[in-house]
file query02.txt (compact mmCIF, C-alpha atoms and all ligand atoms)
# COMPACT_ATOMS: atom_id res chain seq x y z
CA MET A 7 96.96 102.82 97.31
CA GLY A 8 95.92 99.30 98.21
CA SER A 9 99.15 98.53 100.00
CA ASN A 10 98.76 95.24 101.82
CA ILE A 11 101.19 96.05 104.58
CA LYS A 12 100.49 94.22 107.83
CA ILE A 13 99.30 96.35 110.71
CA THR A 14 102.19 95.00 112.79
CA GLU A 15 104.70 96.50 110.33
CA VAL A 16 103.07 99.89 110.13
CA PHE A 17 105.36 101.79 112.51
CA LYS A 18 108.65 100.47 111.10
CA SER A 19 108.91 103.77 109.27
CA HIS A 20 107.68 105.84 112.25
CA PRO A 21 109.56 104.75 115.35
CA VAL A 22 108.90 106.50 118.67
CA HIS A 23 111.99 107.29 120.71
CA ILE A 24 111.05 108.14 124.25
CA PRO A 25 113.10 106.39 126.91
CA ILE A 26 110.79 104.63 129.31
CA HIS A 27 113.20 103.06 131.78
CA LYS A 28 113.20 105.87 134.32
CA ASN A 29 109.76 107.20 133.51
CA LEU A 30 107.46 104.39 134.49
CA ASP A 31 107.99 103.78 138.19
CA PHE A 32 104.96 105.74 139.38
CA ASP A 33 104.99 104.31 142.89
CA SER A 34 108.29 106.02 143.56
CA LEU A 35 106.93 109.47 142.62
CA HIS A 36 105.40 111.26 145.60
CA GLU A 37 105.39 114.65 143.94
CA LEU A 38 104.52 115.48 140.36
CA PRO A 39 107.78 115.90 138.40
CA ASP A 40 107.84 118.87 136.04
CA SER A 41 107.93 116.51 133.07
CA TYR A 42 104.37 115.44 134.05
CA ASP A 43 102.98 118.92 134.73
CA TRP A 44 100.39 119.66 132.04
CA ILE A 45 98.92 122.86 133.36
CA GLN A 46 98.36 125.15 130.43
CA PRO A 47 96.38 128.39 130.40
CA ASP A 48 94.04 127.55 127.50
CA SER A 49 92.73 124.11 128.43
CA PHE A 50 88.96 123.52 128.39
CA PRO A 51 87.31 123.37 131.80
CA SER A 52 86.43 119.84 132.79
CA SER A 53 82.65 119.63 133.00
CA SER A 54 82.92 117.47 136.09
CA LEU A 55 84.21 120.61 137.77
CA SER A 56 81.86 123.15 136.17
CA ASN A 57 78.04 123.18 136.13
CA ASN A 58 77.38 119.78 134.69
CA HIS A 59 73.86 119.42 133.29
CA LEU A 60 72.39 116.06 134.18
CA SER A 61 71.43 115.39 130.58
CA ASP A 62 74.92 116.22 129.42
CA SER A 63 76.34 112.72 129.23
CA ILE A 64 76.63 110.12 126.54
CA PRO A 65 73.51 107.92 126.24
CA LEU A 66 73.24 104.56 128.01
CA ILE A 67 71.63 102.07 125.62
CA ASP A 68 70.15 98.64 126.36
CA LEU A 69 71.07 96.58 123.31
CA SER A 70 68.29 94.07 124.01
CA LEU A 71 65.52 96.63 123.50
CA PRO A 72 63.73 96.93 120.14
CA ASN A 73 64.47 100.65 119.77
CA ALA A 74 68.21 100.19 120.37
CA PRO A 75 69.11 100.76 116.67
CA GLN A 76 67.50 104.23 116.53
CA LEU A 77 69.09 105.18 119.84
CA ILE A 78 72.49 104.05 118.56
CA GLY A 79 72.06 106.04 115.34
CA ASN A 80 71.15 109.15 117.33
CA ALA A 81 73.98 108.68 119.81
CA PHE A 82 76.56 108.31 117.04
CA ARG A 83 75.23 111.33 115.14
CA THR A 84 75.24 113.64 118.16
CA TRP A 85 78.06 112.31 120.36
CA GLY A 86 79.95 109.73 118.33
CA ALA A 87 79.70 107.60 121.47
CA PHE A 88 77.37 105.78 123.88
CA GLN A 89 77.48 103.22 126.66
CA VAL A 90 75.89 99.84 126.10
CA ILE A 91 74.40 97.26 128.48
CA ASN A 92 73.00 93.82 127.67
CA HIS A 93 75.73 93.59 125.03
CA GLY A 94 76.18 89.85 125.39
CA VAL A 95 79.83 89.91 126.50
CA PRO A 96 80.03 87.83 129.70
CA ILE A 97 80.71 89.99 132.75
CA SER A 98 83.08 87.28 133.99
CA LEU A 99 85.25 87.88 130.91
CA LEU A 100 85.32 91.62 131.63
CA HIS A 101 86.48 90.84 135.15
CA SER A 102 89.08 88.37 133.86
CA ILE A 103 90.62 90.89 131.46
CA GLU A 104 90.56 93.51 134.23
CA SER A 105 92.39 91.26 136.66
CA SER A 106 94.88 90.21 133.96
CA ALA A 107 95.64 93.86 133.32
CA ASN A 108 95.94 94.46 137.05
CA SER A 109 98.33 91.59 137.43
CA LEU A 110 100.41 92.80 134.47
CA PHE A 111 100.75 96.38 135.69
CA SER A 112 101.49 95.22 139.26
CA LEU A 113 104.66 93.44 138.16
CA PRO A 114 107.91 95.19 139.20
CA PRO A 115 108.98 97.84 136.64
CA PRO A 116 112.12 95.99 135.45
CA HIS A 117 110.04 92.85 134.94
CA LYS A 118 107.46 94.69 132.80
CA LEU A 119 110.26 96.05 130.65
CA LYS A 120 111.05 92.49 129.54
CA ALA A 121 107.95 92.86 127.39
CA ALA A 122 108.68 96.43 126.28
CA ARG A 123 107.34 97.54 122.93
CA PRO A 124 110.22 98.04 120.47
CA SER A 125 110.48 101.67 119.31
CA ASP A 126 109.34 100.72 115.80
CA GLY A 127 106.89 98.01 116.90
CA ILE A 128 103.19 97.95 117.70
CA SER A 129 102.85 95.38 120.51
CA GLY A 130 104.16 95.40 124.05
CA TYR A 131 104.49 97.37 127.25
CA GLY A 132 105.23 101.08 127.40
CA LEU A 133 104.02 104.62 126.88
CA VAL A 134 100.95 105.05 124.74
CA ARG A 135 102.00 105.52 121.15
CA ILE A 136 100.73 109.11 120.81
CA SER A 137 103.01 110.27 123.68
CA SER A 138 105.49 111.77 121.24
CA PHE A 139 102.97 114.44 120.21
CA PHE A 140 102.72 115.94 123.68
CA PRO A 141 105.36 118.09 125.35
CA LYS A 142 104.72 116.46 128.74
CA ARG A 143 104.56 112.82 129.90
CA MET A 144 101.24 111.15 130.59
CA TRP A 145 100.40 109.65 133.97
CA SER A 146 99.77 106.17 132.59
CA GLU A 147 101.34 103.02 131.27
CA GLY A 148 100.00 100.75 128.57
CA PHE A 149 100.24 97.36 127.00
CA THR A 150 99.28 96.97 123.34
CA ILE A 151 98.24 93.63 121.88
CA VAL A 152 98.02 93.11 118.11
CA GLY A 153 97.94 89.45 117.09
CA SER A 154 99.11 86.88 119.58
CA PRO A 155 100.49 88.15 122.90
CA LEU A 156 102.19 84.78 123.52
CA GLU A 157 105.83 85.84 123.16
CA HIS A 158 105.41 88.84 125.45
CA PHE A 159 103.25 87.00 127.98
CA ARG A 160 105.78 84.18 128.19
CA LYS A 161 108.33 86.72 129.37
CA LEU A 162 105.94 88.27 131.88
CA TRP A 163 104.47 85.07 133.32
CA PRO A 164 106.75 82.11 132.45
CA HIS A 165 104.52 79.67 134.36
CA ASP A 166 100.96 80.66 133.55
CA TYR A 167 101.14 82.67 130.34
CA THR A 168 98.69 80.31 128.59
CA ARG A 169 95.92 81.29 130.99
CA TYR A 170 96.43 84.96 130.15
CA CYS A 171 96.64 84.19 126.42
CA ASP A 172 93.31 82.35 126.62
CA ILE A 173 91.64 85.34 128.24
CA VAL A 174 92.97 87.74 125.59
CA GLU A 175 91.90 85.37 122.83
CA GLU A 176 88.38 85.07 124.18
CA TYR A 177 88.23 88.83 124.70
CA ASP A 178 89.21 89.33 121.06
CA ARG A 179 86.51 86.91 119.86
CA GLU A 180 83.75 88.48 121.95
CA MET A 181 84.71 92.06 121.11
CA LYS A 182 85.05 91.32 117.41
CA SER A 183 81.59 89.81 117.34
CA LEU A 184 80.09 92.75 119.26
CA CYS A 185 81.84 95.19 116.90
CA GLY A 186 80.42 93.40 113.87
CA ARG A 187 76.95 93.53 115.33
CA LEU A 188 77.23 97.22 116.23
CA MET A 189 78.68 98.08 112.81
CA TRP A 190 75.61 96.70 111.03
CA VAL A 191 73.21 98.38 113.42
CA ALA A 192 74.95 101.75 113.09
CA LEU A 193 75.31 101.49 109.29
CA GLY A 194 71.76 100.13 108.97
CA GLU A 195 70.47 103.36 110.53
CA LEU A 196 72.00 105.19 107.57
CA GLY A 197 70.36 102.85 105.06
CA ILE A 198 73.54 100.87 104.43
CA THR A 199 73.20 97.15 103.75
CA ARG A 200 75.71 94.29 103.49
CA GLU A 201 76.12 94.67 99.71
CA ASP A 202 77.45 98.19 100.27
CA VAL A 203 80.45 97.02 102.30
CA ASN A 204 82.46 94.55 100.25
CA TRP A 205 85.31 94.12 102.74
CA ALA A 206 83.05 92.84 105.55
CA GLY A 207 83.37 89.29 104.22
CA PRO A 208 80.82 86.95 102.61
CA ASN A 209 78.74 86.61 105.80
CA GLY A 210 79.29 90.20 106.85
CA ASP A 211 81.13 88.87 109.90
CA PHE A 212 84.26 91.05 109.52
CA LYS A 213 86.29 87.86 109.85
CA THR A 214 89.43 89.34 108.27
CA SER A 215 89.22 92.56 110.28
CA ASN A 216 92.12 93.79 112.40
CA ALA A 217 92.13 94.99 115.97
CA ALA A 218 94.39 96.18 118.75
CA THR A 219 93.65 95.55 122.41
CA GLN A 220 95.09 98.34 124.52
CA LEU A 221 95.39 97.83 128.29
CA ASN A 222 95.71 101.16 130.10
CA SER A 223 96.73 101.71 133.71
CA TYR A 224 96.43 105.05 135.48
CA PRO A 225 98.16 104.90 138.87
CA VAL A 226 97.06 107.20 141.71
CA CYS A 227 98.57 110.61 141.18
CA PRO A 228 99.95 113.04 143.79
CA ASP A 229 98.74 116.11 141.84
CA PRO A 230 95.90 115.02 139.52
CA ASP A 231 94.78 118.56 138.60
CA ARG A 232 98.11 119.24 136.95
CA ALA A 233 98.53 115.80 135.35
CA MET A 234 96.95 114.01 132.37
CA GLY A 235 96.32 110.27 132.05
CA LEU A 236 95.90 110.12 128.30
CA GLY A 237 95.95 113.27 126.19
CA ALA A 238 93.11 114.36 123.88
CA HIS A 239 92.88 112.26 120.73
CA THR A 240 90.59 110.34 118.43
CA ASP A 241 91.13 106.68 117.61
CA THR A 242 91.91 105.67 114.02
CA SER A 243 89.53 102.71 114.25
CA LEU A 244 86.10 102.04 112.82
CA LEU A 245 84.83 101.44 116.36
CA THR A 246 86.53 101.39 119.74
CA ILE A 247 84.98 99.56 122.69
CA VAL A 248 86.25 100.68 126.09
CA TYR A 249 85.83 98.74 129.29
CA GLN A 250 86.63 100.91 132.31
CA ASN A 251 86.84 99.81 135.93
CA ASN A 252 84.69 101.54 138.55
CA THR A 253 86.80 104.69 138.50
CA ARG A 254 86.00 107.89 136.61
CA GLY A 255 88.50 109.30 134.14
CA LEU A 256 87.30 108.99 130.54
CA GLN A 257 86.00 112.28 129.13
CA VAL A 258 84.50 113.12 125.77
CA LEU A 259 84.77 116.57 124.20
CA ARG A 260 81.29 118.01 123.66
CA GLU A 261 80.62 120.61 120.96
CA GLY A 262 84.30 121.37 120.82
CA ASN A 263 84.26 123.26 124.09
CA ARG A 264 83.69 121.16 127.22
CA TRP A 265 84.75 117.85 128.67
CA VAL A 266 81.99 115.47 129.70
CA THR A 267 82.83 112.57 132.01
CA VAL A 268 81.72 109.08 130.99
CA GLU A 269 80.36 107.80 134.31
CA PRO A 270 81.40 104.22 135.03
CA VAL A 271 78.40 101.86 134.92
CA PRO A 272 79.05 98.31 136.19
CA GLY A 273 79.11 95.85 133.29
CA ALA A 274 78.63 98.55 130.64
CA LEU A 275 80.93 99.11 127.66
CA VAL A 276 81.70 102.47 126.05
CA VAL A 277 81.39 102.45 122.26
CA GLN A 278 83.11 105.19 120.27
CA VAL A 279 83.26 106.07 116.59
CA GLY A 280 86.82 106.05 115.19
CA ASP A 281 88.22 108.14 112.33
CA LEU A 282 87.69 105.38 109.73
CA LEU A 283 83.95 105.17 110.49
CA HIS A 284 83.87 108.96 110.36
CA ILE A 285 85.34 108.74 106.85
CA LEU A 286 83.11 105.81 105.81
CA THR A 287 79.96 107.72 106.86
CA ASN A 288 81.23 110.94 105.26
CA GLY A 289 81.19 112.66 108.64
CA LEU A 290 77.64 111.65 109.61
CA TYR A 291 79.09 109.74 112.57
CA PRO A 292 81.90 111.93 113.95
CA SER A 293 84.83 110.42 115.82
CA PRO A 294 84.80 112.04 119.27
CA VAL A 295 87.86 113.65 120.80
CA HIS A 296 88.44 112.04 124.19
CA GLN A 297 90.97 111.95 127.01
CA ALA A 298 91.51 110.26 130.35
CA VAL A 299 92.17 112.18 133.56
CA VAL A 300 93.63 110.80 136.78
CA ASN A 301 92.89 111.10 140.49
CA ARG A 302 94.59 111.09 143.88
CA THR A 303 93.05 108.03 145.52
CA ARG A 304 92.07 105.27 143.11
CA LYS A 305 94.05 103.60 140.42
CA ARG A 306 92.13 103.38 137.20
CA LEU A 307 92.19 100.71 134.55
CA SER A 308 90.73 100.58 131.06
CA VAL A 309 90.80 98.18 128.14
CA ALA A 310 90.27 99.65 124.69
CA TYR A 311 89.42 97.32 121.82
CA VAL A 312 90.41 99.26 118.70
CA PHE A 313 88.55 97.61 115.83
CA GLY A 314 89.46 98.31 112.22
CA PRO A 315 89.10 96.92 108.70
CA PRO A 316 91.29 94.29 106.98
CA GLU A 317 94.61 95.56 105.59
CA SER A 318 93.37 95.44 102.02
CA ALA A 319 90.14 97.38 102.61
CA GLU A 320 89.97 100.77 100.94
CA ILE A 321 87.85 103.02 103.11
CA SER A 322 86.06 105.93 101.50
CA PRO A 323 82.69 107.64 102.00
CA LEU A 324 79.91 105.15 101.15
CA LYS A 325 78.37 105.87 97.72
CA LYS A 326 74.83 105.71 99.12
CA LEU A 327 75.57 108.63 101.42
CA LEU A 328 76.71 110.89 98.59
CA GLY A 329 74.67 113.18 96.36
CA PRO A 330 74.70 116.59 94.67
CA THR A 331 74.71 118.35 98.04
CA GLN A 332 76.72 115.63 99.79
CA PRO A 333 80.09 115.49 98.05
CA PRO A 334 82.66 113.04 99.40
CA LEU A 335 84.55 114.81 102.17
CA TYR A 336 87.47 112.39 102.42
CA ARG A 337 89.72 110.52 100.06
CA THR A 338 90.21 106.76 100.08
CA VAL A 339 92.59 105.31 102.67
CA THR A 340 93.52 101.90 104.05
CA TRP A 341 93.94 101.50 107.80
CA THR A 342 97.70 101.16 107.29
CA GLU A 343 97.89 104.39 105.31
CA TYR A 344 95.77 106.19 107.85
CA LEU A 345 97.84 104.94 110.80
CA ARG A 346 100.86 106.45 109.06
CA LYS A 347 98.99 109.75 108.60
CA LYS A 348 98.22 109.67 112.30
CA ALA A 349 101.87 108.98 113.09
CA GLU A 350 102.81 112.06 111.04
CA HIS A 351 99.98 114.52 111.70
CA PHE A 352 98.33 113.15 114.86
CA ASN A 353 95.15 115.18 115.52
CA ASN A 354 95.30 116.72 112.05
CA ALA A 355 95.26 113.34 110.31
CA LEU A 356 91.56 113.55 109.44
CA SER A 357 91.97 117.04 107.93
CA SER A 358 94.98 115.75 105.99
CA VAL A 359 92.76 113.34 104.03
CA ARG A 360 89.88 115.80 103.69
CA LEU A 361 88.83 116.68 100.13
CA CYS A 362 86.78 119.84 100.63
CA ALA A 363 85.56 122.17 103.34
CA PRO A 364 82.09 121.62 104.85
CA LEU A 365 79.35 123.19 102.65
CA THR A 366 77.32 124.45 105.59
CA GLY A 367 79.96 126.86 106.80
CA LEU A 368 79.13 125.71 110.31
CA LEU A 369 81.95 124.91 112.64
CA ASP A 370 82.82 121.30 112.08
CA VAL A 371 82.73 119.90 115.61
CA ASN A 372 85.14 117.27 114.53
CA ASP A 373 87.69 119.47 112.88
CA HIS A 374 90.52 118.34 115.08
CA SER A 375 92.70 121.24 114.17
CA GLN A 376 90.40 123.23 116.52
CA VAL A 377 91.48 121.16 119.46
CA LYS A 378 94.38 122.48 121.40
CA VAL A 379 96.18 119.50 122.77
CA GLY A 380 99.45 120.89 123.91
C1 LIG B 1 96.25 99.72 115.52
C2 LIG B 1 96.56 100.73 116.30
C3 LIG B 1 95.59 101.77 116.74
C4 LIG B 1 96.36 102.53 117.80
C5 LIG B 1 97.77 102.47 117.22
C6 LIG B 1 97.89 101.00 116.87
C7 LIG B 1 98.08 100.18 118.15
C8 LIG B 1 97.48 100.84 119.39
C9 LIG B 1 96.29 101.78 119.16
C10 LIG B 1 96.21 102.90 120.18
C11 LIG B 1 95.53 102.52 121.50
C12 LIG B 1 95.53 103.75 122.44
C13 LIG B 1 95.13 105.05 121.75
C14 LIG B 1 95.81 105.17 120.37
C15 LIG B 1 95.49 106.53 119.75
C16 LIG B 1 97.28 104.88 120.52
O1 LIG B 1 98.18 105.68 120.71
O2 LIG B 1 97.48 103.53 120.43
C17 LIG B 1 95.41 103.99 119.53
C18 LIG B 1 95.94 103.96 118.10
C19 LIG B 1 94.98 104.54 117.07
O3 LIG B 1 93.77 104.47 117.21
O4 LIG B 1 95.50 105.06 116.11
O1 LIG B 2 91.23 105.08 129.55
C1 LIG B 2 90.24 105.31 128.87
O2 LIG B 2 89.11 105.29 129.34
C2 LIG B 2 90.36 105.67 127.41
C3 LIG B 2 91.45 104.95 126.70
C4 LIG B 2 91.57 105.37 125.27
O3 LIG B 2 91.04 106.36 124.85
C5 LIG B 2 92.36 104.54 124.36
O4 LIG B 2 93.02 103.58 124.81
O5 LIG B 2 92.30 104.83 123.16
FE FE B 3 91.14 106.46 122.62
call {"tool": "encode", "arguments": {"input": "query02.txt", "output": "structure tokens", "more": "lines below"}}
Ligand SMILES: C=C1C[C@]23C[C@H]1CC[C@H]2[C@@]12CCC[C@@](C)(C(=O)O1)[C@H]2[C@@H]3C(=O)O
Ligand SMILES: O=C(O)CCC(=O)C(=O)O
Ligand SMILES: [Fe+2]
result
Amino acid sequence: MGSNIKITEVFKSHPVHIPIHKNLDFDSLHELPDSYDWIQPDSFPSSSLSNNHLSDSIPLIDLSLPNAPQLIGNAFRTWGAFQVINHGVPISLLHSIESSANSLFSLPPPHKLKAARPSDGISGYGLVRISSFFPKRMWSEGFTIVGSPLEHFRKLWPHDYTRYCDIVEEYDREMKSLCGRLMWVALGELGITREDVNWAGPNGDFKTSNAATQLNSYPVCPDPDRAMGLGAHTDTSLLTIVYQNNTRGLQVLREGNRWVTVEPVPGALVVQVGDLLHILTNGLYPSPVHQAVVNRTRKRLSVAYVFGPPESAEISPLKKLLGPTQPPLYRTVTWTEYLRKKAEHFNNALSSVRLCAPLTGLLDVNDHSQVKVG
């Protein structure tokens, strides 16, 4: 407990060994190779294909309105997610990060591999980390940034890497500040105040917090109904903020039985609860299972800002949320410890730190062991 291991060192003990050299030249694939064929008999129907109720989508919240806090509390309780507008992040910055990601993924495959993520590392270009838990390959490529991207960017763009570094740095600043703001709003709705969260820093600005910026690219796919962009998972974060381009693909699992598409809204950001906020709120804000699907005609891009606590922070259900009928449901973990749990147990990581079964006897919508992922 209380290990102060740097986030960047966390996967040294859990390397991922999937060769990427021949797997990531999507433009050369005009038919879906068997290694990418996900069709399985027991997958949930995608609600975009079945009768989709109009009201069945995550809420869209205007952060500048006075009732935004209540709406956010409700959205997190029922969906674990919402979309936000008037969030204060300049739209020009969203476009800059989008075009940086575009420029990165458009580089020739051998060039991108110069910035490949080492098998036991956290940062760099490659398959999304959770790939090893799925029997089939995902139709996507990613670039993970934790700390400074300078060394990798220098290899990708020897002449103008500083411009790209500046964009990532500003993105990090803006997202961190939005996450801090949203954390206090969401926790405030549960009656939590700054004194209750000692690791948020003296000004409650989460200055020592950690984050990963994950750029995701989903190329057009010759057989999208059989393929998967990013398999079903939850994030380990406190909060994740997703920027998606104008192409559908992100889906959230609703009530454990149907996929609901998060419709792209220009300038909006998707905010999701991560497993650590789920633990901190003793399950009051569930971390939603989500996935990304692909399509035949438009390449899709997303940028996920995965925001978590400082290395030293011990995350456990907040005392104020506990009582005789609300026992703590999870044991204490640091982000580092929990990332390791995820690396070992993947979608059963949350259950692996669970202390007791739900008292209600109701199906826990966020019991990830219920989710068939492959
Ligand atoms: C600090 C983090 C958080 C990570 C691992 C590591 C770096 C990259 C993050 C993501 C980003 C993409 C989804 C996810 C599930 C993945 O595979 O890589 C995330 C994961 C997590 O939320 O656990
Ligand atoms: O592509 C998306 O919209 C979702 C990405 C995601 O879930 C992630 O990077 O964790
Ligand atoms: Fe995610």
call {"tool": "closest_atom_pairs", "arguments": {"input": "query02.txt", "of": "chain A", "to": "ligand FE 3 (chain B)", "cutoff": "12 Å", "atoms": "all atoms listed in the file", "output": "tab-separated table"}}
result
residue	atom	partner	partner_atom	distance
A:Ala87	CA	B:FE3	FE	11.6
A:Val134	CA	B:FE3	FE	10.1
A:Arg135	CA	B:FE3	FE	11.0
A:Ile136	CA	B:FE3	FE	10.1
A:Ala218	CA	B:FE3	FE	11.5
A:Thr219	CA	B:FE3	FE	11.2
A:Gln220	CA	B:FE3	FE	9.2
A:Leu221	CA	B:FE3	FE	11.2
A:Asn222	CA	B:FE3	FE	10.2
A:Gly235	CA	B:FE3	FE	11.4
A:Leu236	CA	B:FE3	FE	8.3
A:Gly237	CA	B:FE3	FE	9.1
A:Ala238	CA	B:FE3	FE	8.2
A:His239	CA	B:FE3	FE	6.3
A:Thr240	CA	B:FE3	FE	5.7
A:Asp241	CA	B:FE3	FE	5.0
A:Thr242	CA	B:FE3	FE	8.7
A:Ser243	CA	B:FE3	FE	9.3
A:Leu244	CA	B:FE3	FE	11.9
A:Leu245	CA	B:FE3	FE	10.2
A:Thr246	CA	B:FE3	FE	7.4
A:Ile247	CA	B:FE3	FE	9.2
A:Val248	CA	B:FE3	FE	8.3
A:Tyr249	CA	B:FE3	FE	11.5
A:Leu256	CA	B:FE3	FE	9.2
A:Gln257	CA	B:FE3	FE	10.1
A:Val258	CA	B:FE3	FE	9.9
A:Val276	CA	B:FE3	FE	10.8
A:Val277	CA	B:FE3	FE	10.5
A:Gln278	CA	B:FE3	FE	8.5
A:Val279	CA	B:FE3	FE	9.9
A:Gly280	CA	B:FE3	FE	8.6
A:Asp281	CA	B:FE3	FE	10.8
A:Ser293	CA	B:FE3	FE	10.1
A:Pro294	CA	B:FE3	FE	9.1
A:Val295	CA	B:FE3	FE	8.1
A:His296	CA	B:FE3	FE	6.4
A:Gln297	CA	B:FE3	FE	7.0
A:Ala298	CA	B:FE3	FE	8.6
A:Ser308	CA	B:FE3	FE	10.3
A:Val309	CA	B:FE3	FE	10.0
A:Ala310	CA	B:FE3	FE	7.2
A:Tyr311	CA	B:FE3	FE	9.3
A:Val312	CA	B:FE3	FE	8.2
A:Phe313	CA	B:FE3	FE	11.5
A:Asn353	CA	B:FE3	FE	11.9
call {"tool": "closest_residue", "arguments": {"input": "query02.txt", "among": "A:Ser106, A:Thr342, A:Asn354, A:Asn209", "to": "ligand LIG 1 (chain B)", "atoms": "only C-alpha atoms and all ligand atoms"}}
result
A:Thr342
call {"tool": "closest_residue", "arguments": {"input": "query02.txt", "among": "A:Asp126, A:Asp40, A:Asp229, A:Asp62", "to": "ligand LIG 1 (chain B)", "atoms": "all atoms listed in the file"}}
result
A:Asp126
call {"tool": "axis_aligned_box", "arguments": {"input": "query02.txt", "around": "segment 220-236 of chain A", "padding_each_side": "8 Å", "output": "lines of an AutoDock Vina configuration file"}}
result
center_x = 97.4
center_y = 108.5
center_z = 134.2
size_x = 21.2
size_y = 37.4
size_z = 35.3
call {"tool": "closest_residue", "arguments": {"input": "query02.txt", "among": "A:Leu290, A:Leu133, A:Leu361, A:Cys185", "to": "ligand LIG 2 (chain B)", "atoms": "all atoms listed in the file"}}
result
A:Leu133
call {"tool": "atom_distance", "arguments": {"input": "query02.txt", "atom1": "atom CA of Gly79 of chain A", "atom2": "atom CA of Leu99 of chain A"}}
result
27.3 Å
call {"tool": "closest_residue", "arguments": {"input": "query02.txt", "among": "A:Ala363, A:Ala233, A:Leu275, A:Ala122", "to": "ligand LIG 2 (chain B)", "atoms": "all atoms listed in the file"}}
result
A:Leu275
call {"tool": "closest_residue", "arguments": {"input": "query02.txt", "among": "A:Glu175, A:Glu147, A:Glu195, A:Glu320", "to": "ligand LIG 2 (chain B)", "atoms": "all atoms listed in the file"}}
result
A:Glu147
call {"tool": "residues_near_point", "arguments": {"input": "query02.txt", "point": "(73.2, 102.1, 135.2)", "cutoff": "8 Å", "atoms": "all atoms listed in the file", "output": "list of chain:residue names"}}
result
A:Leu66, A:Val271, A:Pro272, A:Ala274
call {"tool": "closest_residue", "arguments": {"input": "query02.txt", "among": "A:Lys326, A:Arg160, A:Lys12, A:Arg200", "to": "Asn288 of chain A", "atoms": "only C-alpha atoms"}}
result
A:Lys326
call {"tool": "residues_around", "arguments": {"input": "query02.txt", "residues": "segment 191-193 of chain A", "least_positions_apart": "4", "cutoff": "8 Å", "atoms": "all atoms listed in the file", "output": "number ranges by chain"}}
result
A: 75, 78-79, 82, 187, 197-199
call {"tool": "residues_around", "arguments": {"input": "query02.txt", "residues": "Pro270 of chain A", "least_positions_apart": "6", "cutoff": "8 Å", "atoms": "all atoms listed in the file", "output": "number ranges by chain"}}
result
A: 250-254
call {"tool": "atom_distance", "arguments": {"input": "query02.txt", "atom1": "atom CA of Pro334 of chain A", "atom2": "atom CA of His284 of chain A"}}
result
11.8 Å
call {"tool": "atom_distance", "arguments": {"input": "query02.txt", "atom1": "atom CA of Thr168 of chain A", "atom2": "atom CA of Ser154 of chain A"}}
result
11.2 Å
call {"tool": "residues_around", "arguments": {"input": "query02.txt", "residues": "His93 of chain A", "least_positions_apart": "6", "cutoff": "8 Å", "atoms": "all atoms listed in the file", "output": "NGL selection string"}}
result
:A and (68-70 or 184)
call {"tool": "residues_around", "arguments": {"input": "query02.txt", "residues": "Phe352 of chain A", "least_positions_apart": "2", "cutoff": "10 Å", "atoms": "all atoms listed in the file", "output": "PyMOL selection string"}}
result
chain A and resi 136+138-139+239-240+242+345-350+354-356+358+374-375
call {"tool": "residues_around", "arguments": {"input": "query02.txt", "residues": "Gly132 of chain A", "least_positions_apart": "4", "cutoff": "12 Å", "atoms": "all atoms listed in the file", "output": "MDAnalysis selection string"}}
result
chainID A and resid 22:31 110:111 115:116 118:125 127:128 136:137 144:151 220:223
